[in-house]
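Enquirer: You'll find coords.txt just under this line, and it carries compact mmCIF, C-alpha atoms and all ligand atoms.
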# COMPACT_ATOMS: atom_id res chain seq x y z
CA MET E 20 108.94 133.81 75.60
CA ALA E 21 105.53 132.22 76.17
CA TYR E 22 103.60 133.71 79.13
CA THR E 23 105.68 136.38 80.89
CA TYR E 24 105.30 139.73 82.56
CA ILE E 25 106.70 142.55 80.41
CA ASN E 26 106.61 146.02 81.95
CA LYS E 27 104.56 144.46 84.78
CA ARG E 28 101.74 143.33 82.43
CA LEU E 29 101.20 139.68 81.54
CA HIS E 30 101.92 138.91 77.90
CA CYS E 31 101.63 135.83 75.70
CA ASP E 32 104.49 135.65 73.23
CA GLY E 33 104.92 139.42 73.29
CA VAL E 34 101.19 140.24 73.10
CA ASP E 35 99.66 142.12 76.02
CA LEU E 36 96.74 139.99 77.27
CA GLU E 37 94.71 143.14 78.02
CA ASP E 38 94.82 143.96 74.29
CA VAL E 39 93.53 140.46 73.49
CA ALA E 40 90.78 140.77 76.10
CA GLU E 41 89.71 144.15 74.68
CA LYS E 42 89.66 142.78 71.13
CA TYR E 43 87.80 139.52 71.77
CA GLY E 44 85.98 140.16 75.05
CA THR E 45 85.94 137.87 78.08
CA PRO E 46 85.79 135.04 79.01
CA THR E 47 88.15 133.89 76.25
CA TYR E 48 90.62 131.03 75.94
CA ILE E 49 94.09 131.96 74.66
CA TYR E 50 96.53 129.45 73.16
CA SER E 51 100.19 130.02 72.38
CA GLU E 52 101.16 128.51 69.03
CA ARG E 53 104.79 128.61 70.14
CA ILE E 54 104.09 126.41 73.18
CA LEU E 55 101.88 124.00 71.22
CA ARG E 56 104.66 123.51 68.66
CA ARG E 57 107.28 123.12 71.34
CA ASN E 58 105.23 120.45 73.13
CA ALA E 59 104.66 118.63 69.83
CA GLU E 60 108.36 118.75 68.93
CA VAL E 61 109.37 117.35 72.32
CA LEU E 62 106.87 114.48 72.16
CA LYS E 63 107.84 113.73 68.57
CA LYS E 64 111.49 113.53 69.58
CA ILE E 65 110.86 111.36 72.63
CA PHE E 66 108.27 109.00 71.18
CA ILE E 67 107.98 109.08 67.37
CA ASP E 68 111.75 109.13 66.92
CA ARG E 69 111.95 106.02 69.16
CA GLY E 70 109.40 104.25 66.91
CA PHE E 71 106.17 104.85 68.88
CA LYS E 72 102.92 105.82 67.16
CA VAL E 73 101.43 108.89 68.84
CA SER E 74 97.68 109.54 68.72
CA TYR E 75 96.65 112.84 70.25
CA ALA E 76 93.63 112.31 72.53
CA MET E 77 91.49 115.06 71.05
CA LYS E 78 89.14 115.11 74.02
CA ALA E 79 91.77 117.30 75.73
CA ASN E 80 91.24 120.08 73.20
CA SER E 81 89.52 119.47 69.89
CA ASN E 82 90.03 122.79 68.19
CA PRO E 83 90.64 121.97 64.48
CA MET E 84 93.63 124.31 64.27
CA ILE E 85 95.30 122.37 67.08
CA LEU E 86 94.41 119.02 65.48
CA LYS E 87 95.92 120.11 62.16
CA LEU E 88 99.01 121.45 63.89
CA PHE E 89 99.60 118.07 65.60
CA LYS E 90 98.89 116.22 62.35
CA SER E 91 101.78 118.14 60.78
CA TYR E 92 104.10 116.55 63.38
CA GLY E 93 103.00 113.06 62.38
CA PHE E 94 100.48 112.47 65.17
CA GLY E 95 97.26 110.55 64.60
CA VAL E 96 94.19 111.05 66.79
CA ASP E 97 92.45 109.07 69.51
CA ILE E 98 88.68 109.52 69.16
CA VAL E 99 85.79 108.50 71.42
CA SER E 100 82.61 109.53 69.61
CA GLU E 101 80.98 110.07 66.24
CA GLY E 102 81.50 113.81 66.67
CA GLU E 103 85.24 113.37 67.21
CA PHE E 104 85.32 110.98 64.24
CA LYS E 105 83.65 113.58 62.00
CA LEU E 106 85.97 116.29 63.26
CA ALA E 107 89.03 114.14 62.51
CA GLN E 108 87.74 113.59 58.97
CA HIS E 109 87.04 117.31 58.62
CA CYS E 110 90.65 118.03 59.61
CA GLY E 111 92.00 115.69 56.93
CA PHE E 112 93.05 112.69 59.04
CA GLU E 113 93.17 109.39 57.13
CA GLY E 114 91.61 106.19 58.46
CA LEU E 115 95.01 104.84 59.44
CA GLU E 116 95.57 107.87 61.66
CA LEU E 117 92.52 107.12 63.84
CA ASN E 118 91.99 104.85 66.78
CA PHE E 119 88.55 104.63 68.31
CA ALA E 120 88.50 104.28 72.10
CA GLY E 121 85.62 104.52 74.57
CA VAL E 122 83.60 102.23 76.76
CA GLY E 123 80.47 102.18 74.59
CA LYS E 124 80.16 102.65 70.83
CA THR E 125 76.91 102.70 68.86
CA ILE E 126 76.19 100.69 65.69
CA GLU E 127 76.36 103.93 63.70
CA GLU E 128 79.78 104.72 65.14
CA LEU E 129 81.13 101.23 64.42
CA ASP E 130 79.78 101.33 60.85
CA LEU E 131 81.25 104.75 60.11
CA ALA E 132 84.65 103.74 61.43
CA LEU E 133 84.59 100.38 59.59
CA ASP E 134 83.75 102.17 56.38
CA PHE E 135 86.70 104.54 56.91
CA ASP E 136 89.11 101.62 57.58
CA ILE E 137 90.42 103.10 60.81
CA ASP E 138 93.68 101.86 62.30
CA HIS E 139 92.21 100.32 65.47
CA PHE E 140 89.11 99.90 67.54
CA ASN E 141 89.97 99.74 71.23
CA VAL E 142 87.41 97.24 72.50
CA GLU E 143 86.42 97.17 76.17
CA SER E 144 83.72 94.49 76.55
CA ARG E 145 82.27 91.26 75.20
CA PHE E 146 79.14 93.00 73.95
CA GLU E 147 81.23 95.46 71.96
CA LEU E 148 83.39 92.71 70.49
CA GLU E 149 80.32 90.75 69.42
CA LEU E 150 78.66 93.80 67.92
CA LEU E 151 81.83 94.70 66.04
CA GLU E 152 82.13 91.12 64.73
CA THR E 153 78.54 91.35 63.42
CA ARG E 154 78.99 94.76 61.84
CA ALA E 155 82.35 93.84 60.27
CA LYS E 156 80.79 90.70 58.79
CA ILE E 157 77.96 92.76 57.26
CA ALA E 158 80.51 95.24 55.90
CA GLY E 159 82.65 92.41 54.52
CA LYS E 160 85.66 93.66 56.49
CA LYS E 161 88.05 92.52 59.17
CA ALA E 162 88.20 95.03 62.03
CA ALA E 163 91.61 95.67 63.60
CA VAL E 164 91.21 95.52 67.39
CA LEU E 165 93.24 96.25 70.50
CA LEU E 166 91.60 94.81 73.61
CA ARG E 167 91.55 97.26 76.47
CA LEU E 168 93.04 95.61 79.50
CA ASN E 169 92.27 96.82 83.01
CA PRO E 170 95.48 95.92 84.86
CA ASP E 171 94.28 97.04 88.31
CA ILE E 172 97.17 99.46 88.74
CA ASP E 173 96.79 102.52 90.95
CA PRO E 174 97.76 105.60 88.91
CA GLN E 175 98.06 107.67 92.13
CA THR E 176 95.86 110.43 90.79
CA HIS E 177 92.36 111.84 91.49
CA PRO E 178 89.78 109.00 91.78
CA HIS E 179 87.64 110.58 89.01
CA ILE E 180 90.53 110.28 86.54
CA SER E 181 91.72 106.82 87.61
CA THR E 182 90.72 104.35 84.92
CA GLY E 183 92.93 101.31 85.44
CA LEU E 184 91.64 100.02 88.77
CA LYS E 185 89.45 96.95 88.66
CA GLN E 186 86.44 98.81 90.12
CA ASN E 187 86.54 101.35 87.24
CA LYS E 188 84.19 100.95 84.28
CA PHE E 189 87.06 100.84 81.81
CA GLY E 190 88.75 97.89 80.17
CA MET E 191 88.49 94.15 80.82
CA SER E 192 90.10 91.85 83.33
CA PRO E 193 93.27 90.01 82.25
CA GLU E 194 91.27 86.75 82.32
CA LYS E 195 88.74 88.12 79.80
CA VAL E 196 91.45 89.54 77.55
CA ARG E 197 93.25 86.19 77.63
CA HIS E 198 89.99 84.40 76.88
CA PHE E 199 89.28 86.48 73.75
CA LEU E 200 92.84 86.21 72.49
CA THR E 201 92.84 82.44 72.89
CA HIS E 202 89.43 82.16 71.15
CA ALA E 203 90.21 84.43 68.23
CA GLU E 204 88.77 81.88 65.78
CA SER E 205 85.29 82.61 67.24
CA TYR E 206 85.57 86.12 65.76
CA PRO E 207 86.50 85.63 62.09
CA HIS E 208 85.91 89.31 61.25
CA ILE E 209 88.16 90.62 64.02
CA GLN E 210 91.90 90.92 63.71
CA PHE E 211 93.29 90.85 67.25
CA ASP E 212 96.30 93.13 66.89
CA GLY E 213 97.12 93.56 70.56
CA ILE E 214 96.40 95.24 73.87
CA HIS E 215 95.50 98.73 74.95
CA CYS E 216 95.69 100.21 78.46
CA HIS E 217 95.03 103.66 79.86
CA ILE E 218 95.36 103.68 83.62
CA GLY E 219 94.44 107.28 84.35
CA SER E 220 95.14 110.93 83.79
CA GLN E 221 97.38 113.60 85.35
CA ILE E 222 99.94 111.00 86.48
CA VAL E 223 103.04 112.80 87.67
CA GLN E 224 105.11 109.92 89.02
CA PRO E 225 106.83 107.47 86.66
CA GLN E 226 106.12 104.50 88.96
CA PRO E 227 102.53 103.75 87.77
CA PHE E 228 103.83 103.68 84.17
CA TYR E 229 106.75 101.44 85.19
CA ASP E 230 104.25 99.16 86.94
CA LEU E 231 102.12 99.06 83.79
CA ILE E 232 105.09 98.28 81.54
CA ASP E 233 106.34 95.54 83.87
CA TYR E 234 102.85 94.11 84.12
CA LEU E 235 102.51 94.03 80.34
CA GLU E 236 105.91 92.40 79.97
CA GLN E 237 104.78 89.54 82.22
CA PHE E 238 101.30 89.33 80.74
CA THR E 239 102.55 89.18 77.15
CA SER E 240 105.16 86.56 77.95
CA SER E 241 102.57 84.38 79.66
CA LEU E 242 100.28 84.79 76.62
CA ARG E 243 103.18 83.84 74.36
CA ALA E 244 103.75 80.73 76.41
CA SER E 245 100.13 79.79 75.55
CA GLY E 246 100.85 80.37 71.86
CA VAL E 247 99.15 83.79 71.59
CA GLU E 248 101.07 86.26 69.42
CA PHE E 249 100.21 89.84 68.50
CA SER E 250 102.04 92.92 67.37
CA HIS E 251 100.74 96.12 69.04
CA ILE E 252 100.68 97.56 72.56
CA ASP E 253 99.06 100.89 73.34
CA LEU E 254 100.07 102.38 76.69
CA GLY E 255 97.40 105.12 76.58
CA GLY E 256 97.93 108.68 77.78
CA GLY E 257 97.92 110.20 81.23
CA PHE E 258 101.22 112.10 81.36
CA GLY E 259 100.74 114.79 83.98
CA VAL E 260 101.60 118.49 83.90
CA ASN E 261 102.55 121.06 86.53
CA TYR E 262 99.34 122.89 87.47
CA GLU E 263 101.15 124.79 90.24
CA ASP E 264 103.42 126.42 87.67
CA PRO E 265 101.48 126.42 84.40
CA PHE E 266 104.13 128.44 82.60
CA GLU E 267 106.77 125.79 83.16
CA ASP E 268 108.42 124.63 79.94
CA ILE E 269 107.78 121.06 78.81
CA LEU E 270 111.52 120.48 79.17
CA GLN E 271 110.85 120.00 82.90
CA THR E 272 108.66 117.02 81.99
CA THR E 273 111.13 115.58 79.47
CA PRO E 274 113.13 113.31 81.83
CA PHE E 275 109.84 111.80 83.11
CA LEU E 276 108.61 111.12 79.56
CA GLU E 277 112.00 109.83 78.41
CA SER E 278 112.24 107.41 81.31
CA ILE E 279 108.84 105.94 80.38
CA ALA E 280 109.75 105.71 76.68
CA ASP E 281 113.08 104.03 77.51
CA ARG E 282 111.55 101.52 79.88
CA ALA E 283 108.80 100.65 77.37
CA MET E 284 111.40 100.15 74.61
CA GLU E 285 113.53 98.02 76.90
CA LYS E 286 110.72 95.73 78.06
CA LEU E 287 108.23 95.81 75.18
CA GLY E 288 110.41 96.95 72.29
CA GLU E 289 109.49 94.02 70.03
CA TYR E 290 105.92 95.39 69.75
CA GLN E 291 104.72 98.38 67.78
CA LEU E 292 104.16 100.73 70.71
CA HIS E 293 101.48 103.43 70.80
CA ILE E 294 100.68 106.28 73.17
CA GLN E 295 97.63 108.58 73.35
CA PRO E 296 98.68 111.78 75.13
CA GLY E 297 96.20 114.60 75.59
CA ARG E 298 96.86 117.00 78.43
CA VAL E 299 100.66 117.12 78.22
CA LEU E 300 100.45 118.49 74.67
CA VAL E 301 98.03 121.32 75.34
CA ALA E 302 97.50 122.21 79.02
CA ASN E 303 100.35 124.70 79.48
CA ALA E 304 99.70 126.35 76.09
CA GLY E 305 96.40 127.83 77.19
CA VAL E 306 94.98 130.31 79.67
CA LEU E 307 91.48 131.56 80.33
CA LEU E 308 90.98 135.33 80.41
CA ALA E 309 88.20 136.57 82.66
CA ARG E 310 87.05 140.00 83.80
CA VAL E 311 86.44 140.76 87.48
CA LEU E 312 82.82 141.76 88.06
CA GLY E 313 83.35 142.66 91.71
CA ASN E 314 84.38 141.58 95.21
CA LYS E 315 82.21 140.60 98.14
CA GLU E 316 82.51 139.32 101.72
CA ASN E 317 80.20 136.68 103.16
CA GLY E 318 80.60 135.25 106.64
CA GLY E 319 84.20 136.49 106.85
CA HIS E 320 85.01 134.92 103.49
CA HIS E 321 86.30 136.95 100.54
CA PHE E 322 84.91 136.23 97.05
CA VAL E 323 86.17 137.59 93.73
CA ILE E 324 83.39 137.25 91.18
CA ILE E 325 84.40 136.96 87.55
CA ASP E 326 82.59 136.65 84.23
CA GLY E 327 84.20 133.22 83.58
CA ALA E 328 82.70 130.19 85.29
CA THR E 329 82.68 126.42 85.62
CA THR E 330 80.95 126.46 82.23
CA ASP E 331 84.37 127.51 80.86
CA LEU E 332 86.54 125.45 83.20
CA VAL E 333 84.80 122.69 85.09
CA ARG E 334 87.89 120.90 86.44
CA PRO E 335 88.01 122.65 89.85
CA ALA E 336 84.33 121.78 90.49
CA MET E 337 84.61 118.29 89.04
CA TYR E 338 87.95 117.13 90.41
CA ASP E 339 88.90 119.74 93.00
CA ALA E 340 91.58 120.62 90.49
CA TYR E 341 94.06 123.41 91.12
CA HIS E 342 94.43 126.13 88.48
CA ALA E 343 96.84 128.98 89.10
CA ILE E 344 95.33 132.47 89.25
CA TYR E 345 97.22 135.51 87.96
CA SER E 346 96.50 139.17 87.81
CA HIS E 347 97.28 140.88 84.52
CA LEU E 348 99.29 143.37 86.59
CA GLU E 349 102.40 142.04 88.31
CA ASP E 350 103.23 142.33 92.01
CA ARG E 351 99.71 142.78 93.35
CA PRO E 352 99.35 142.21 97.10
CA MET E 353 98.10 138.73 97.98
CA HIS E 354 95.27 137.71 100.29
CA MET E 355 93.04 134.72 100.99
CA GLY E 356 89.88 134.30 98.97
CA ASP E 357 87.78 132.34 96.48
CA VAL E 358 87.41 132.99 92.77
CA VAL E 359 83.84 132.25 91.72
CA GLY E 360 81.69 132.64 88.63
CA PRO E 361 78.12 133.86 88.16
CA VAL E 362 76.62 130.38 87.68
CA CYS E 363 73.86 129.45 90.13
CA GLU E 364 75.73 126.65 91.91
CA SER E 365 77.84 126.82 95.05
CA SER E 366 80.28 124.55 93.24
CA ASP E 367 80.85 127.28 90.64
CA ALA E 368 84.34 128.14 91.90
CA LEU E 369 87.65 128.26 90.07
CA ALA E 370 89.76 128.59 93.23
CA ARG E 371 88.84 128.11 96.86
CA ASN E 372 90.51 129.30 100.05
CA ARG E 373 93.64 130.31 98.30
CA GLU E 374 96.21 133.08 98.37
CA ILE E 375 95.16 135.12 95.36
CA PRO E 376 96.25 138.51 94.03
CA ASP E 377 94.22 141.55 94.90
CA PHE E 378 91.65 142.28 92.19
CA ASP E 379 89.53 145.36 91.62
CA LYS E 380 86.35 145.52 89.58
CA ASP E 381 87.15 145.35 85.82
CA ASP E 382 90.64 143.93 86.37
CA LEU E 383 91.74 141.16 84.05
CA MET E 384 92.29 137.74 85.63
CA ILE E 385 94.34 135.01 83.93
CA ILE E 386 93.65 131.39 84.86
CA GLY E 387 96.49 128.99 84.02
CA SER E 388 96.61 125.54 82.38
CA ALA E 389 93.40 126.13 80.43
CA GLY E 390 94.66 124.46 77.25
CA ALA E 391 93.43 120.99 78.28
CA TYR E 392 89.97 119.85 79.34
CA ALA E 393 88.72 123.44 79.47
CA SER E 394 87.03 124.51 76.20
CA SER E 395 86.42 120.85 75.30
CA MET E 396 84.44 120.40 78.54
CA GLY E 397 82.61 123.71 78.18
CA SER E 398 78.85 123.85 78.61
CA THR E 399 75.98 126.26 78.06
CA TYR E 400 74.46 125.85 81.52
CA ASN E 401 72.53 128.96 82.60
CA MET E 402 72.29 129.78 78.83
CA ARG E 403 75.89 130.89 78.86
CA PRO E 404 77.36 130.85 75.34
CA LEU E 405 80.53 128.83 74.68
CA SER E 406 83.53 131.14 74.95
CA PRO E 407 85.82 131.95 72.02
CA GLU E 408 89.28 130.51 71.44
CA VAL E 409 92.14 132.70 70.24
CA MET E 410 95.62 131.65 69.15
CA VAL E 411 98.64 133.90 69.52
CA GLY E 412 100.69 133.08 66.43
CA LEU E 413 104.44 132.83 66.09
CA SER E 414 104.86 136.44 65.04
CA GLY E 415 102.57 137.79 67.74
CA GLU E 416 99.45 138.03 65.58
CA THR E 417 96.14 136.82 67.04
CA HIS E 418 93.78 134.41 65.25
CA LEU E 419 90.19 133.78 66.26
CA LEU E 420 89.99 129.94 66.24
CA ARG E 421 86.42 129.70 67.50
CA LYS E 422 83.84 132.46 67.67
CA ARG E 423 81.87 133.20 70.80
CA GLN E 424 78.60 131.32 70.46
CA SER E 425 75.74 133.71 69.78
CA PHE E 426 72.43 133.67 71.62
CA ASP E 427 70.66 133.26 68.28
CA GLU E 428 72.68 130.08 67.66
CA MET E 429 71.72 128.77 71.08
CA ILE E 430 68.03 129.62 70.73
CA SER E 431 67.83 128.27 67.17
CA LEU E 432 68.19 124.69 68.44
CA TYR E 433 64.78 124.87 70.10
CA THR E 434 61.92 123.72 67.88
C1 LIG E 501 91.61 106.10 76.47
C2 LIG E 501 92.26 107.40 76.76
N1 LIG E 501 93.42 107.69 76.13
C3 LIG E 501 94.04 108.86 76.34
C4 LIG E 501 93.54 109.81 77.20
C5 LIG E 501 94.28 111.09 77.38
O1 LIG E 501 94.67 111.29 78.68
P1 LIG E 501 95.61 112.52 79.08
O2 LIG E 501 94.97 113.76 78.61
O3 LIG E 501 95.67 112.44 80.54
O4 LIG E 501 96.94 112.29 78.42
C6 LIG E 501 92.35 109.53 77.89
C7 LIG E 501 91.79 110.52 78.85
O5 LIG E 501 90.75 110.40 79.41
C8 LIG E 501 91.69 108.29 77.66
O6 LIG E 501 90.54 107.99 78.28
Show the structure stored in the file as structure tokens.
Ligand SMILES: Cc1ncc(COP(=O)(O)O)c(C=O)c1O
Expert:
Amino acid sequence: MAYTYINKRLHCDGVDLEDVAEKYGTPTYIYSERILRRNAEVLKKIFIDRGFKVSYAMKANSNPMILKLFKSYGFGVDIVSEGEFKLAQHCGFEGLELNFAGVGKTIEELDLALDFDIDHFNVESRFELELLETRAKIAGKKAAVLLRLNPDIDPQTHPHISTGLKQNKFGMSPEKVRHFLTHAESYPHIQFDGIHCHIGSQIVQPQPFYDLIDYLEQFTSSLRASGVEFSHIDLGGGFGVNYEDPFEDILQTTPFLESIADRAMEKLGEYQLHIQPGRVLVANAGVLLARVLGNKENGGHHFVIIDGATTDLVRPAMYDAYHAIYSHLEDRPMHMGDVVGPVCESSDALARNREIPDFDKDDLMIIGSAGAYASSMGSTYNMRPLSPEVMVGLSGETHLLRKRQSFDEMISLYT
């Protein structure tokens, strides 16, 4: 069922979105439990059933209900900060279900993760490796490490979400990775378990993944020839979704994911393989509900002004990202225009120069693909409170997963 028009009104799993908007106010994020479960089942079947370890990259959406739901499918979590570490603990994840990625980790973060005996640290630089060696020695532990390799592969995606090109800040050159692996004895408190890569996000073609897998096949065999052996390879995340049609079922993505899983098994099957998907698990499960405040014309340009803003969904401003715009009422006439929020920035736009449905004041607007990198990238700029998150459950009941932040909560942080 998912998101469909019933009697010309947009519903989520049988629930009229206008009823949700009236109950919880706007702007509000809505998630479909049915779609989240479906996405998890499909990834479990494609990857876990082929022997991969799957760690959900919680930066995509860190709502605890979603984390616990994915945990129940056997997924671990990929974390990048002390806050994400604490949230994973709060949600009941064990140390062995955590891998700690990120280009810079503090002493406090390393110590917390060492103490919790996490599965892996993904290490991206010499300074981090040396710091981890020191902290592990003090803790009397051996830290399990995957070295993050920057393979200089073009993921053919937006430059701001490309991470595997040599000019990006992420990872280390193959020469550096080789150096550390061949000098493992210099780091007695590090256990070099293997290699990690994450070449970028929103990758919709299989070729960059094939290139990565082929590259790793060659790199690992040349390391083997020098007598370097290890057991784990993490291919990262980055599986793209269809932003043009956010209500597309994950089944459309299945052949793409299967082809990557098959190629990885064929070429790197002797390693314990890992992936860290984020977006593909959550993007199409969510929408953002916003209320239209009014319409205006400026210089021959039409603007629809809504109560949602880049503080709720920053991707269009940050990456020029496309998010589909729907009216709650079906079959509205279409015309050119921009959808903008009330934030005091010209970049505060959710759609620009697009064919959008006709909206009147007080109409409900639904913005697609808001399950990933929307609430988790939310901000309080202009003293706008963080918006609530609501889940539509399997039997059509709604659950408030996160309250709207109150102004008292915001003001109470000031001393
Ligand atoms: C190291 C790492 N792993 C996984 C992900 C998840 O990427 P995606 O949501 O595109 O699957 C990211 C995203 O930035 C990342 O940096």
Enquirer: Per residue of chain E within 6 Å of ligand LIG 501 (chain E), note the shortest atom pair and the distance in Å to one decimal, counting all atoms listed in the file, and order the rows by chain and increasing residue number, as a tab-separated table.
Expert:
residue	atom	partner	partner_atom	distance
E:Ala76	CA	E:LIG501	C5	5.0
E:Ala79	CA	E:LIG501	O2	5.6
E:Ala120	CA	E:LIG501	C1	5.7
E:His217	CA	E:LIG501	C1	5.4
E:Ser220	CA	E:LIG501	O3	3.6
E:Gln221	CA	E:LIG501	O3	5.2
E:Gly255	CA	E:LIG501	N1	4.8
E:Gly256	CA	E:LIG501	O4	3.8
E:Gly257	CA	E:LIG501	O3	3.2
E:Phe258	CA	E:LIG501	O4	5.2
E:Gln295	CA	E:LIG501	C3	4.7
E:Pro296	CA	E:LIG501	O4	3.8
E:Gly297	CA	E:LIG501	O2	3.4
E:Arg298	CA	E:LIG501	O2	3.8
Enquirer: One decimal, in Å: what's the spacing between atom CA of E:Ile25 and atom CA of E:Val411?
Expert: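 A separation of 16.1 Å between them.
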Enquirer: What's the 10 Å shell around E:Phe89, counting only C-alpha atoms, without same-chain residues fewer than 4 positions away, as an NGL selection string?
Expert: :E and (55-56 or 58-60 or 63 or 73-75 or 83-85 or 93-96 or 300)
Enquirer: Enter the distance from atom CA of E:Asn80 to atom CA of E:Ala391, in Å, rounded to one decimal.
Expert: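 Distance between the two atoms: 5.6 Å.
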Enquirer: How many Å separate atom CA of E:Glu152 from atom CA of E:Val196?
Expert: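 According to the coordinates, atom CA of E:Glu152 and atom CA of E:Val196 are separated by 15.9 Å.
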Enquirer: Nearest residue to E:Glu248 out of E:Leu432, E:Val362, E:Ile214, E:Leu148, using only C-alpha atoms?
Expert: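 Nearest candidate to E:Glu248 out of E:Leu432, E:Val362, E:Ile214, E:Leu148: E:Ile214.
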Enquirer: What lies within 10 Å of stretch 374-384 of chain E using all atoms listed in the file, ignoring chain neighbours under 3 positions off, as a PyMOL selection string?
Expert: chain E and resi 29+36-37+40+45-46+306-314+323-327+343-358+370-371+387
Enquirer: Got time to write the residues from that selection, C-alpha atoms, as a PDB file, in the coordinates of the input?
Expert:
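out-v7.pdb, freshly written:
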ATOM      1  CA  LEU E  29     101.200 139.680  81.540  1.00  0.00           C
ATOM      2  CA  LEU E  36      96.740 139.990  77.270  1.00  0.00           C
ATOM      3  CA  GLU E  37      94.710 143.140  78.020  1.00  0.00           C
ATOM      4  CA  ALA E  40      90.780 140.770  76.100  1.00  0.00           C
ATOM      5  CA  THR E  45      85.940 137.870  78.080  1.00  0.00           C
ATOM      6  CA  PRO E  46      85.790 135.040  79.010  1.00  0.00           C
ATOM      7  CA  VAL E 306      94.980 130.310  79.670  1.00  0.00           C
ATOM      8  CA  LEU E 307      91.480 131.560  80.330  1.00  0.00           C
ATOM      9  CA  LEU E 308      90.980 135.330  80.410  1.00  0.00           C
ATOM     10  CA  ALA E 309      88.200 136.570  82.660  1.00  0.00           C
ATOM     11  CA  ARG E 310      87.050 140.000  83.800  1.00  0.00           C
ATOM     12  CA  VAL E 311      86.440 140.760  87.480  1.00  0.00           C
ATOM     13  CA  LEU E 312      82.820 141.760  88.060  1.00  0.00           C
ATOM     14  CA  GLY E 313      83.350 142.660  91.710  1.00  0.00           C
ATOM     15  CA  ASN E 314      84.380 141.580  95.210  1.00  0.00           C
ATOM     16  CA  VAL E 323      86.170 137.590  93.730  1.00  0.00           C
ATOM     17  CA  ILE E 324      83.390 137.250  91.180  1.00  0.00           C
ATOM     18  CA  ILE E 325      84.400 136.960  87.550  1.00  0.00           C
ATOM     19  CA  ASP E 326      82.590 136.650  84.230  1.00  0.00           C
ATOM     20  CA  GLY E 327      84.200 133.220  83.580  1.00  0.00           C
ATOM     21  CA  ALA E 343      96.840 128.980  89.100  1.00  0.00           C
ATOM     22  CA  ILE E 344      95.330 132.470  89.250  1.00  0.00           C
ATOM     23  CA  TYR E 345      97.220 135.510  87.960  1.00  0.00           C
ATOM     24  CA  SER E 346      96.500 139.170  87.810  1.00  0.00           C
ATOM     25  CA  HIS E 347      97.280 140.880  84.520  1.00  0.00           C
ATOM     26  CA  LEU E 348      99.290 143.370  86.590  1.00  0.00           C
ATOM     27  CA  GLU E 349     102.400 142.040  88.310  1.00  0.00           C
ATOM     28  CA  ASP E 350     103.230 142.330  92.010  1.00  0.00           C
ATOM     29  CA  ARG E 351      99.710 142.780  93.350  1.00  0.00           C
ATOM     30  CA  PRO E 352      99.350 142.210  97.100  1.00  0.00           C
ATOM     31  CA  MET E 353      98.100 138.730  97.980  1.00  0.00           C
ATOM     32  CA  HIS E 354      95.270 137.710 100.290  1.00  0.00           C
ATOM     33  CA  MET E 355      93.040 134.720 100.990  1.00  0.00           C
ATOM     34  CA  GLY E 356      89.880 134.300  98.970  1.00  0.00           C
ATOM     35  CA  ASP E 357      87.780 132.340  96.480  1.00  0.00           C
ATOM     36  CA  VAL E 358      87.410 132.990  92.770  1.00  0.00           C
ATOM     37  CA  ALA E 370      89.760 128.590  93.230  1.00  0.00           C
ATOM     38  CA  ARG E 371      88.840 128.110  96.860  1.00  0.00           C
ATOM     39  CA  GLY E 387      96.490 128.990  84.020  1.00  0.00           C
TER      40      GLY E 387
END
Enquirer: Using only C-alpha atoms, can you tell me which of E:His321, E:Val99, E:Ala158, E:Ala340 comes closest to E:Val359?
Expert: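 Selected residue with least distance to E:Val359: E:His321.
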Enquirer: Pick from E:Leu168, E:Ile157, E:Val34, E:Leu62: nearest to E:Tyr50, with only C-alpha atoms counted?
Expert: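 Looking at the shortest contact to E:Tyr50, the residue is E:Val34.
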Enquirer: Which residue out of E:Lys27, E:Leu184, E:Val260, E:Lys42 has the minimum interatomic distance to E:Thr273 when all atoms listed in the file are used?
Expert: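 Going through E:Lys27, E:Leu184, E:Val260, E:Lys42 one by one, the smallest distance to E:Thr273 is for E:Val260.
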Enquirer: I need the residue nearest E:Thr23 from this list: E:Phe322, E:Tyr229, E:Phe266, E:Tyr338. Use all atoms listed in the file for the distance.
Expert: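 Closest residue, counting all atoms listed in the file: E:Phe266.
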Enquirer: Quick one: residues within 10 Å of E:Lys156, only C-alpha atoms, excluding same-chain residues fewer than 5 positions away - as a list in words?
Expert: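 The residues satisfying every condition are Leu150, Leu151, Lys161, Ala162, Tyr206, Pro207, His208 and Ile209 of chain E.
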Enquirer: If you count only C-alpha atoms, which residues fall within 10 Å of stretch 392-401 of chain E, apart from same-chain ones fewer than 4 positions away, as a PyMOL selection string?
Expert: chain E and resi 47-48+77-82+297-298+301-302+305-307+328-334+361-363+388+405-408+424+429
